[in-house]
$ cat final.cif   # mmCIF, C-alpha atoms
data_start
#
loop_
_atom_site.label_atom_id
_atom_site.label_comp_id
_atom_site.auth_asym_id
_atom_site.auth_seq_id
_atom_site.Cartn_x
_atom_site.Cartn_y
_atom_site.Cartn_z
CA MET Q 789 96.80 93.39 127.36
CA LYS Q 790 93.40 92.29 128.63
CA GLU Q 791 91.91 88.95 127.70
CA ILE Q 792 89.95 89.48 124.49
CA PHE Q 793 87.86 86.33 124.62
CA LYS Q 794 86.02 84.79 127.55
CA LYS Q 795 86.88 81.37 128.87
CA GLY Q 796 85.30 78.59 126.83
CA GLN Q 797 84.50 80.72 123.79
CA ILE Q 798 84.87 79.53 120.19
CA VAL Q 799 86.78 81.64 117.66
CA LEU Q 800 86.27 80.79 113.99
CA PHE Q 801 88.53 81.80 111.09
CA GLN Q 802 86.81 81.74 107.68
CA GLY Q 803 88.01 82.44 104.18
CA ASP Q 804 90.01 81.12 101.24
CA SER Q 805 93.60 79.86 100.79
CA ILE Q 806 95.05 82.76 102.79
CA THR Q 807 93.17 81.44 105.81
CA ASP Q 808 93.39 77.74 104.86
CA CYS Q 809 97.18 77.90 104.39
CA GLY Q 810 97.59 74.13 104.15
CA ARG Q 811 95.68 73.14 107.29
CA ASN Q 812 94.74 69.48 107.76
CA ARG Q 813 91.03 69.49 106.92
CA GLU Q 814 90.55 66.10 108.61
CA ASP Q 815 91.69 67.56 111.93
CA ASN Q 816 89.42 70.17 113.52
CA THR Q 817 92.30 71.37 115.71
CA SER Q 818 94.58 72.09 112.74
CA LEU Q 819 94.97 75.84 112.38
CA SER Q 820 97.81 75.99 109.79
CA GLU Q 821 101.08 77.91 109.95
CA GLY Q 822 99.30 80.98 108.59
CA TYR Q 823 97.72 83.83 110.52
CA PRO Q 824 95.10 81.64 112.31
CA GLY Q 825 97.83 79.47 113.81
CA VAL Q 826 99.97 82.48 114.67
CA ILE Q 827 97.05 84.25 116.39
CA ALA Q 828 96.15 81.16 118.43
CA LYS Q 829 99.78 80.65 119.50
CA MET Q 830 100.18 84.28 120.49
CA TYR Q 831 96.92 84.30 122.42
CA ASN Q 832 97.66 81.04 124.18
CA LEU Q 833 101.10 82.30 125.20
CA LEU Q 834 99.57 85.42 126.69
CA PHE Q 835 96.68 83.57 128.33
CA PRO Q 836 97.70 79.93 128.82
CA GLU Q 837 94.60 79.03 130.83
CA ASN Q 838 92.08 80.85 128.64
CA GLY Q 839 90.16 77.76 127.49
CA VAL Q 840 89.40 79.35 124.10
CA THR Q 841 88.83 77.02 121.13
CA PHE Q 842 90.26 78.28 117.83
CA ILE Q 843 88.90 76.69 114.63
CA ASN Q 844 90.06 77.28 111.05
CA LYS Q 845 87.61 76.48 108.25
CA GLY Q 846 89.22 78.40 105.40
CA ILE Q 847 89.23 76.54 102.07
CA SER Q 848 91.62 77.28 99.24
CA GLY Q 849 90.02 78.67 96.11
CA ASN Q 850 86.80 79.75 97.81
CA ARG Q 851 84.80 82.73 96.71
CA VAL Q 852 82.07 84.38 98.75
CA LYS Q 853 79.43 82.17 97.10
CA ASP Q 854 81.28 79.11 98.46
CA LEU Q 855 81.01 80.44 102.00
CA VAL Q 856 77.27 80.73 101.49
CA GLU Q 857 77.09 77.14 100.22
CA ARG Q 858 78.89 75.73 103.24
CA TYR Q 859 77.19 77.97 105.78
CA ASN Q 860 75.30 75.25 107.67
CA GLU Q 861 78.30 72.95 108.06
CA ASP Q 862 81.11 75.44 108.55
CA PHE Q 863 79.40 78.35 110.28
CA LYS Q 864 76.11 77.49 111.95
CA SER Q 865 77.06 74.04 113.25
CA ILE Q 866 80.17 75.49 114.91
CA ASN Q 867 78.16 78.29 116.55
CA PRO Q 868 81.16 80.54 117.23
CA ASP Q 869 81.30 83.43 119.67
CA PHE Q 870 83.63 85.30 117.35
CA ILE Q 871 84.19 84.97 113.61
CA SER Q 872 86.63 86.63 111.23
CA ILE Q 873 86.05 86.49 107.47
CA LEU Q 874 88.65 87.15 104.77
CA ILE Q 875 87.14 86.57 101.33
CA GLY Q 876 87.23 88.23 97.93
CA ILE Q 877 90.53 87.80 96.14
CA ASN Q 878 89.32 84.71 94.24
CA ASP Q 879 86.20 86.65 93.22
CA THR Q 880 88.70 88.86 91.38
CA TRP Q 881 91.31 86.26 90.37
CA ARG Q 882 88.88 83.97 88.49
CA ARG Q 883 88.10 86.83 86.12
CA TYR Q 884 91.71 86.86 84.95
CA ASP Q 885 92.70 83.19 84.98
CA SER Q 886 89.39 81.50 84.13
CA ASN Q 887 87.23 84.17 82.48
CA ASP Q 888 84.76 83.61 85.34
CA PRO Q 889 84.13 87.05 86.83
CA THR Q 890 82.15 87.94 89.93
CA SER Q 891 80.69 91.42 89.76
CA ALA Q 892 80.88 93.72 92.77
CA GLU Q 893 77.08 93.54 92.90
CA GLU Q 894 77.10 89.74 93.11
CA TYR Q 895 79.89 89.84 95.67
CA GLU Q 896 77.85 92.23 97.81
CA ARG Q 897 74.65 90.23 97.39
CA ASN Q 898 76.23 86.96 98.50
CA TYR Q 899 78.27 88.54 101.28
CA ARG Q 900 75.20 90.38 102.63
CA PHE Q 901 73.18 87.14 102.54
CA LEU Q 902 75.94 85.40 104.54
CA LEU Q 903 76.15 88.17 107.13
CA ASN Q 904 72.37 88.29 107.52
CA LYS Q 905 72.38 84.53 108.19
CA ILE Q 906 75.08 84.91 110.84
CA LYS Q 907 73.22 87.76 112.52
CA SER Q 908 69.95 85.83 112.45
CA ASP Q 909 71.24 82.46 113.65
CA MET Q 910 74.00 83.67 115.99
CA PRO Q 911 72.98 87.14 117.19
CA GLU Q 912 75.60 87.22 119.97
CA CYS Q 913 78.49 86.34 117.65
CA ARG Q 914 80.95 89.17 117.14
CA ILE Q 915 82.17 89.64 113.57
CA MET Q 916 85.43 90.86 112.08
CA ILE Q 917 85.49 91.58 108.35
CA MET Q 918 88.96 91.56 106.80
CA GLU Q 919 89.28 93.32 103.46
CA PRO Q 920 90.79 91.48 100.47
CA PHE Q 921 94.11 92.79 99.18
CA VAL Q 922 96.65 92.55 96.38
CA LEU Q 923 100.29 93.61 96.21
CA TYR Q 924 102.19 94.14 92.97
CA SER Q 925 104.70 91.33 93.44
CA LEU Q 926 104.00 90.13 89.89
CA PRO Q 927 103.57 92.40 86.85
CA ASP Q 928 99.94 91.54 86.11
CA ARG Q 929 98.63 92.16 89.62
CA GLU Q 930 98.24 95.90 89.16
CA GLN Q 931 95.54 95.41 86.52
CA TRP Q 932 93.47 93.54 89.11
CA ARG Q 933 92.78 96.85 90.82
CA GLU Q 934 89.91 97.69 88.49
CA ASP Q 935 88.10 94.57 89.70
CA LEU Q 936 89.27 94.35 93.32
CA ASN Q 937 88.86 97.96 94.41
CA PRO Q 938 85.05 97.93 94.10
CA LYS Q 939 84.99 94.74 96.18
CA ILE Q 940 87.13 96.38 98.85
CA GLN Q 941 84.58 99.19 98.95
CA VAL Q 942 81.81 96.60 99.36
CA ALA Q 943 83.69 95.00 102.28
CA ARG Q 944 84.01 98.41 103.93
CA LYS Q 945 80.36 99.18 103.36
CA LEU Q 946 79.23 95.85 104.83
CA ALA Q 947 81.58 96.23 107.78
CA LYS Q 948 79.81 99.46 108.73
CA GLU Q 949 76.50 97.63 108.70
CA TYR Q 950 77.38 94.26 110.20
CA ALA Q 951 80.84 94.07 111.76
CA ASP Q 952 82.17 94.74 115.22
CA TYR Q 953 85.71 95.01 113.84
CA TYR Q 954 87.22 95.82 110.47
CA LEU Q 955 90.75 94.97 109.36
CA PRO Q 956 91.78 97.11 106.35
CA LEU Q 957 94.40 94.66 105.09
CA ASP Q 958 94.93 96.31 101.70
CA GLY Q 959 95.93 99.51 103.45
CA ILE Q 960 97.85 97.69 106.18
CA PHE Q 961 100.01 95.90 103.63
CA ALA Q 962 100.53 99.09 101.60
CA LYS Q 963 101.83 100.75 104.77
CA ALA Q 964 104.06 97.77 105.59
CA GLU Q 965 105.47 97.83 102.07
CA VAL Q 966 106.43 101.48 102.42
CA GLU Q 967 107.76 101.37 105.98
CA GLU Q 968 109.04 97.85 106.68
CA TYR Q 969 109.33 95.34 103.83
CA THR Q 970 109.39 94.84 100.08
CA CYS Q 971 106.40 93.41 98.20
CA LYS Q 972 108.17 90.10 97.72
CA GLN Q 973 108.98 89.83 101.41
CA ILE Q 974 105.30 90.10 102.26
CA THR Q 975 103.96 87.92 99.43
CA GLU Q 976 105.73 86.28 96.49
CA ASP Q 977 102.67 86.30 94.23
CA GLY Q 978 100.86 89.37 95.53
CA VAL Q 979 98.15 87.27 97.19
CA HIS Q 980 99.47 84.51 99.45
CA PRO Q 981 101.39 85.95 102.41
CA SER Q 982 104.82 84.79 103.45
CA ALA Q 983 105.54 84.09 107.12
CA ILE Q 984 106.18 87.82 107.41
CA GLY Q 985 102.83 88.61 105.76
CA HIS Q 986 100.94 86.27 108.05
CA SER Q 987 102.68 87.75 111.10
CA ILE Q 988 101.52 91.22 110.01
CA ILE Q 989 97.93 90.00 109.75
CA ALA Q 990 98.14 88.33 113.17
CA ARG Q 991 99.65 91.42 114.78
CA GLU Q 992 97.01 93.75 113.36
CA TYR Q 993 94.20 91.30 114.15
CA LEU Q 994 95.08 91.20 117.85
CA LYS Q 995 95.72 94.95 117.95
CA ALA Q 996 92.25 95.62 116.52
CA LEU Q 997 90.63 93.37 119.09
CA ALA Q 998 92.61 94.86 121.97
CA LYS Q 999 91.52 98.36 120.97
CA GLY Q 1000 87.90 97.28 120.94
CA ASN Q 1001 87.96 95.91 124.47
#
$ encode --input "final.cif" --output "structure tokens"
Amino acid sequence: MKEIFKKGQIVLFQGDSITDCGRNREDNTSLSEGYPGVIAKMYNLLFPENGVTFINKGISGNRVKDLVERYNEDFKSINPDFISILIGINDTWRRYDSNDPTSAEEYERNYRFLLNKIKSDMPECRIMIMEPFVLYSLPDREQWREDLNPKIQVARKLAKEYADYYLPLDGIFAKAEVEEYTCKQITEDGVHPSAIGHSIIAREYLKALAKGN
């Protein structure tokens, strides 16, 4: 496997609780035990003298509009060479638990605004878009499809326009559920991955990058 990142580069993980995963927000080196931490550990084991800085700025509960609001502090000021973004499940979830929906049109508008800002301010930054997902670990999760599926289509559409890499997590987890694990083994609530779920994300993340190099 070739080195994916160049020495001294900054890799930024952005998103919601799936990315946050209990990181220490007071410590810029805290990556969490979720997929950001797993990816960094795997990469550092493969390339112990790589000099790459991995930063996790995921925040639990965030929707795409929240990423826009914290753009200057948590995107631009970091000035990453590579950024991955996993956002969208809370844009669906709030419709069902708080009667606070985000339409697919609003999701696209905010996401496109964010991506345009990244492209304008950091034109050399490579982008990975990771699609939101849901598994049917709990009975009510299946009804979320009517809201989430259009947002997944938006993520795919925007990836074609803006991204260097796309990680189709909804499909990846569907495949894993058929071939390797049960729903509950991947995620107890259909949203937040277990250690197994995070390891799947990390594996597919690095595979996608390796293919692109």
$ atom_distance --input "final.cif" --atom1 "atom CA of Q:Ser848" --atom2 "atom CA of Q:Asn878"
9.2 Å
$ resolve_selection --input "final.cif" --expression "the PyMOL selection byres ((chain Q and resi 935-940) around 6)" --output "MDAnalysis selection string"
chainID Q and resid 880 892 919 932:934 941:943
$ closest_residue --input "final.cif" --among "Q:Asp958, Q:Glu976, Q:Asp888, Q:Asp952" --to "Q:Ile988" --atoms "all atoms listed in the file"
Q:Asp958
$ resolve_selection --input "final.cif" --expression "the PyMOL selection byres ((chain Q and resi 799-809) around 6)" --output "compact mmCIF listing (two decimals) with C-alpha atoms, in the coordinates of the input"
# COMPACT_ATOMS: atom_id res chain seq x y z
CA ILE Q 798 84.87 79.53 120.19
CA GLY Q 810 97.59 74.13 104.15
CA ARG Q 811 95.68 73.14 107.29
CA SER Q 820 97.81 75.99 109.79
CA GLY Q 822 99.30 80.98 108.59
CA PHE Q 842 90.26 78.28 117.83
CA ILE Q 843 88.90 76.69 114.63
CA ASN Q 844 90.06 77.28 111.05
CA LYS Q 845 87.61 76.48 108.25
CA GLY Q 846 89.22 78.40 105.40
CA ILE Q 847 89.23 76.54 102.07
CA SER Q 848 91.62 77.28 99.24
CA GLY Q 849 90.02 78.67 96.11
CA ASN Q 850 86.80 79.75 97.81
CA PRO Q 868 81.16 80.54 117.23
CA PHE Q 870 83.63 85.30 117.35
CA ILE Q 871 84.19 84.97 113.61
CA SER Q 872 86.63 86.63 111.23
CA ILE Q 873 86.05 86.49 107.47
CA LEU Q 874 88.65 87.15 104.77
CA ILE Q 875 87.14 86.57 101.33
CA HIS Q 980 99.47 84.51 99.45
$ atom_distance --input "final.cif" --atom1 "atom CA of Q:Lys963" --atom2 "atom CA of Q:Asp885"
28.0 Å
$ resolve_selection --input "final.cif" --expression "the PyMOL selection byres ((chain Q and resi 835) around 12)" --output "PDB file with C-alpha atoms, in the coordinates of the input"
ATOM      1  CA  MET Q 789      96.800  93.390 127.360  1.00  0.00           C
ATOM      2  CA  LYS Q 790      93.400  92.290 128.630  1.00  0.00           C
ATOM      3  CA  GLU Q 791      91.910  88.950 127.700  1.00  0.00           C
ATOM      4  CA  ILE Q 792      89.950  89.480 124.490  1.00  0.00           C
ATOM      5  CA  PHE Q 793      87.860  86.330 124.620  1.00  0.00           C
ATOM      6  CA  LYS Q 794      86.020  84.790 127.550  1.00  0.00           C
ATOM      7  CA  LYS Q 795      86.880  81.370 128.870  1.00  0.00           C
ATOM      8  CA  ILE Q 827      97.050  84.250 116.390  1.00  0.00           C
ATOM      9  CA  ALA Q 828      96.150  81.160 118.430  1.00  0.00           C
ATOM     10  CA  LYS Q 829      99.780  80.650 119.500  1.00  0.00           C
ATOM     11  CA  MET Q 830     100.180  84.280 120.490  1.00  0.00           C
ATOM     12  CA  TYR Q 831      96.920  84.300 122.420  1.00  0.00           C
ATOM     13  CA  ASN Q 832      97.660  81.040 124.180  1.00  0.00           C
ATOM     14  CA  LEU Q 833     101.100  82.300 125.200  1.00  0.00           C
ATOM     15  CA  LEU Q 834      99.570  85.420 126.690  1.00  0.00           C
ATOM     16  CA  PRO Q 836      97.700  79.930 128.820  1.00  0.00           C
ATOM     17  CA  GLU Q 837      94.600  79.030 130.830  1.00  0.00           C
ATOM     18  CA  ASN Q 838      92.080  80.850 128.640  1.00  0.00           C
ATOM     19  CA  GLY Q 839      90.160  77.760 127.490  1.00  0.00           C
ATOM     20  CA  VAL Q 840      89.400  79.350 124.100  1.00  0.00           C
TER      21      VAL Q 840
END
$ residues_around --input "final.cif" --residues "Q:Glu894" --least-positions-apart "3" --cutoff "10 Å" --atoms "all atoms listed in the file" --output "list in words"
Val852, Lys853, Asp879, Pro889, Thr890, Ser891, Arg897, Asn898, Tyr899, Arg900 and Lys939 of chain Q
$ residues_around --input "final.cif" --residues "Q:Phe901" --least-positions-apart "5" --cutoff "9 Å" --atoms "only C-alpha atoms" --output "mmCIF file with C-alpha atoms, keeping the file's coordinate frame"
data_model
loop_
_atom_site.group_PDB
_atom_site.id
_atom_site.type_symbol
_atom_site.label_atom_id
_atom_site.label_comp_id
_atom_site.auth_asym_id
_atom_site.auth_seq_id
_atom_site.Cartn_x
_atom_site.Cartn_y
_atom_site.Cartn_z
ATOM 1 C CA VAL Q 856 77.270 80.730 101.490
ATOM 2 C CA GLU Q 896 77.850 92.230 97.810
ATOM 3 C CA ILE Q 906 75.080 84.910 110.840
#
$ residues_around --input "final.cif" --residues "stretch 994-996 of chain Q" --least-positions-apart "2" --cutoff "8 Å" --atoms "all atoms listed in the file" --output "ChimeraX atom specification"
/Q:827,953-955,990-992,998-1000
$ closest_residue --input "final.cif" --among "Q:Ile960, Q:Ala951, Q:Ile989, Q:Val922" --to "Q:Asp977" --atoms "all atoms listed in the file"
Q:Val922
$ atom_distance --input "final.cif" --atom1 "atom CA of Q:Tyr823" --atom2 "atom CA of Q:Glu967"
20.7 Å
$ closest_residue --input "final.cif" --among "Q:Asn904, Q:Gln931, Q:Thr817, Q:Gln973" --to "Q:Trp881" --atoms "all atoms listed in the file"
Q:Gln931
$ closest_residue --input "final.cif" --among "Q:Leu957, Q:Pro920, Q:Asn812, Q:Glu965" --to "Q:Arg851" --atoms "all atoms listed in the file"
Q:Pro920
$ build_atoms --input "final.cif" --residues "stretch 956-977 of chain Q" --atoms "N, CA, C and O atoms" --output "PDB file, in the coordinates of the input"
ATOM      1  N   PRO Q 956      91.537  96.604 107.701  1.00  0.00           N
ATOM      2  CA  PRO Q 956      91.780  97.110 106.350  1.00  0.00           C
ATOM      3  C   PRO Q 956      93.105  96.602 105.788  1.00  0.00           C
ATOM      4  O   PRO Q 956      94.091  97.344 105.647  1.00  0.00           O
ATOM      5  N   LEU Q 957      93.140  95.310 105.438  1.00  0.00           N
ATOM      6  CA  LEU Q 957      94.400  94.660 105.090  1.00  0.00           C
ATOM      7  C   LEU Q 957      95.082  95.274 103.867  1.00  0.00           C
ATOM      8  O   LEU Q 957      96.314  95.318 103.805  1.00  0.00           O
ATOM      9  N   ASP Q 958      94.312  95.724 102.891  1.00  0.00           N
ATOM     10  CA  ASP Q 958      94.930  96.310 101.700  1.00  0.00           C
ATOM     11  C   ASP Q 958      95.766  97.530 102.103  1.00  0.00           C
ATOM     12  O   ASP Q 958      96.900  97.695 101.657  1.00  0.00           O
ATOM     13  N   GLY Q 959      95.205  98.340 102.969  1.00  0.00           N
ATOM     14  CA  GLY Q 959      95.930  99.510 103.450  1.00  0.00           C
ATOM     15  C   GLY Q 959      97.067  99.147 104.398  1.00  0.00           C
ATOM     16  O   GLY Q 959      98.138  99.759 104.372  1.00  0.00           O
ATOM     17  N   ILE Q 960      96.830  98.145 105.234  1.00  0.00           N
ATOM     18  CA  ILE Q 960      97.850  97.690 106.180  1.00  0.00           C
ATOM     19  C   ILE Q 960      99.088  97.198 105.441  1.00  0.00           C
ATOM     20  O   ILE Q 960     100.226  97.528 105.793  1.00  0.00           O
ATOM     21  N   PHE Q 961      98.866  96.412 104.388  1.00  0.00           N
ATOM     22  CA  PHE Q 961     100.010  95.900 103.630  1.00  0.00           C
ATOM     23  C   PHE Q 961     100.689  97.007 102.816  1.00  0.00           C
ATOM     24  O   PHE Q 961     101.913  96.992 102.638  1.00  0.00           O
ATOM     25  N   ALA Q 962      99.919  97.955 102.315  1.00  0.00           N
ATOM     26  CA  ALA Q 962     100.530  99.090 101.600  1.00  0.00           C
ATOM     27  C   ALA Q 962     101.456  99.858 102.541  1.00  0.00           C
ATOM     28  O   ALA Q 962     102.566 100.260 102.153  1.00  0.00           O
ATOM     29  N   LYS Q 963     101.012 100.055 103.774  1.00  0.00           N
ATOM     30  CA  LYS Q 963     101.830 100.750 104.770  1.00  0.00           C
ATOM     31  C   LYS Q 963     103.091  99.945 105.097  1.00  0.00           C
ATOM     32  O   LYS Q 963     104.193 100.492 105.174  1.00  0.00           O
ATOM     33  N   ALA Q 964     102.915  98.625 105.275  1.00  0.00           N
ATOM     34  CA  ALA Q 964     104.060  97.770 105.590  1.00  0.00           C
ATOM     35  C   ALA Q 964     105.080  97.766 104.465  1.00  0.00           C
ATOM     36  O   ALA Q 964     106.293  97.733 104.706  1.00  0.00           O
ATOM     37  N   GLU Q 965     104.575  97.835 103.236  1.00  0.00           N
ATOM     38  CA  GLU Q 965     105.470  97.830 102.070  1.00  0.00           C
ATOM     39  C   GLU Q 965     106.300  99.112 102.005  1.00  0.00           C
ATOM     40  O   GLU Q 965     107.459  99.094 101.591  1.00  0.00           O
ATOM     41  N   VAL Q 966     105.712 100.208 102.421  1.00  0.00           N
ATOM     42  CA  VAL Q 966     106.430 101.480 102.420  1.00  0.00           C
ATOM     43  C   VAL Q 966     107.428 101.551 103.581  1.00  0.00           C
ATOM     44  O   VAL Q 966     108.570 101.989 103.423  1.00  0.00           O
ATOM     45  N   GLU Q 967     106.993 101.106 104.762  1.00  0.00           N
ATOM     46  CA  GLU Q 967     107.760 101.370 105.980  1.00  0.00           C
ATOM     47  C   GLU Q 967     108.670 100.227 106.436  1.00  0.00           C
ATOM     48  O   GLU Q 967     109.657 100.469 107.142  1.00  0.00           O
ATOM     49  N   GLU Q 968     108.336  98.968 106.060  1.00  0.00           N
ATOM     50  CA  GLU Q 968     109.040  97.850 106.680  1.00  0.00           C
ATOM     51  C   GLU Q 968     109.659  96.848 105.703  1.00  0.00           C
ATOM     52  O   GLU Q 968     110.791  96.394 105.906  1.00  0.00           O
ATOM     53  N   TYR Q 969     108.925  96.471 104.665  1.00  0.00           N
ATOM     54  CA  TYR Q 969     109.330  95.340 103.830  1.00  0.00           C
ATOM     55  C   TYR Q 969     109.133  95.653 102.347  1.00  0.00           C
ATOM     56  O   TYR Q 969     108.449  96.613 101.987  1.00  0.00           O
ATOM     57  N   THR Q 970     109.693  94.786 101.504  1.00  0.00           N
ATOM     58  CA  THR Q 970     109.390  94.840 100.080  1.00  0.00           C
ATOM     59  C   THR Q 970     108.141  94.001  99.809  1.00  0.00           C
ATOM     60  O   THR Q 970     107.729  93.185 100.631  1.00  0.00           O
ATOM     61  N   CYS Q 971     107.543  94.224  98.639  1.00  0.00           N
ATOM     62  CA  CYS Q 971     106.400  93.410  98.200  1.00  0.00           C
ATOM     63  C   CYS Q 971     106.697  91.926  98.330  1.00  0.00           C
ATOM     64  O   CYS Q 971     105.910  91.163  98.891  1.00  0.00           O
ATOM     65  N   LYS Q 972     107.826  91.525  97.780  1.00  0.00           N
ATOM     66  CA  LYS Q 972     108.170  90.100  97.720  1.00  0.00           C
ATOM     67  C   LYS Q 972     108.390  89.506  99.105  1.00  0.00           C
ATOM     68  O   LYS Q 972     108.187  88.310  99.300  1.00  0.00           O
ATOM     69  N   GLN Q 973     108.820  90.325 100.047  1.00  0.00           N
ATOM     70  CA  GLN Q 973     108.980  89.830 101.410  1.00  0.00           C
ATOM     71  C   GLN Q 973     107.641  89.541 102.062  1.00  0.00           C
ATOM     72  O   GLN Q 973     107.531  88.649 102.900  1.00  0.00           O
ATOM     73  N   ILE Q 974     106.630  90.279 101.678  1.00  0.00           N
ATOM     74  CA  ILE Q 974     105.300  90.100 102.260  1.00  0.00           C
ATOM     75  C   ILE Q 974     104.537  88.985 101.554  1.00  0.00           C
ATOM     76  O   ILE Q 974     103.852  88.176 102.190  1.00  0.00           O
ATOM     77  N   THR Q 975     104.652  88.938 100.216  1.00  0.00           N
ATOM     78  CA  THR Q 975     103.960  87.920  99.430  1.00  0.00           C
ATOM     79  C   THR Q 975     104.665  87.760  98.088  1.00  0.00           C
ATOM     80  O   THR Q 975     104.829  88.745  97.363  1.00  0.00           O
ATOM     81  N   GLU Q 976     105.025  86.545  97.741  1.00  0.00           N
ATOM     82  CA  GLU Q 976     105.730  86.280  96.490  1.00  0.00           C
ATOM     83  C   GLU Q 976     104.851  86.509  95.263  1.00  0.00           C
ATOM     84  O   GLU Q 976     105.319  86.944  94.217  1.00  0.00           O
ATOM     85  N   ASP Q 977     103.562  86.207  95.393  1.00  0.00           N
ATOM     86  CA  ASP Q 977     102.670  86.300  94.230  1.00  0.00           C
ATOM     87  C   ASP Q 977     101.650  87.434  94.348  1.00  0.00           C
ATOM     88  O   ASP Q 977     100.759  87.556  93.516  1.00  0.00           O
TER      89      ASP Q 977
END
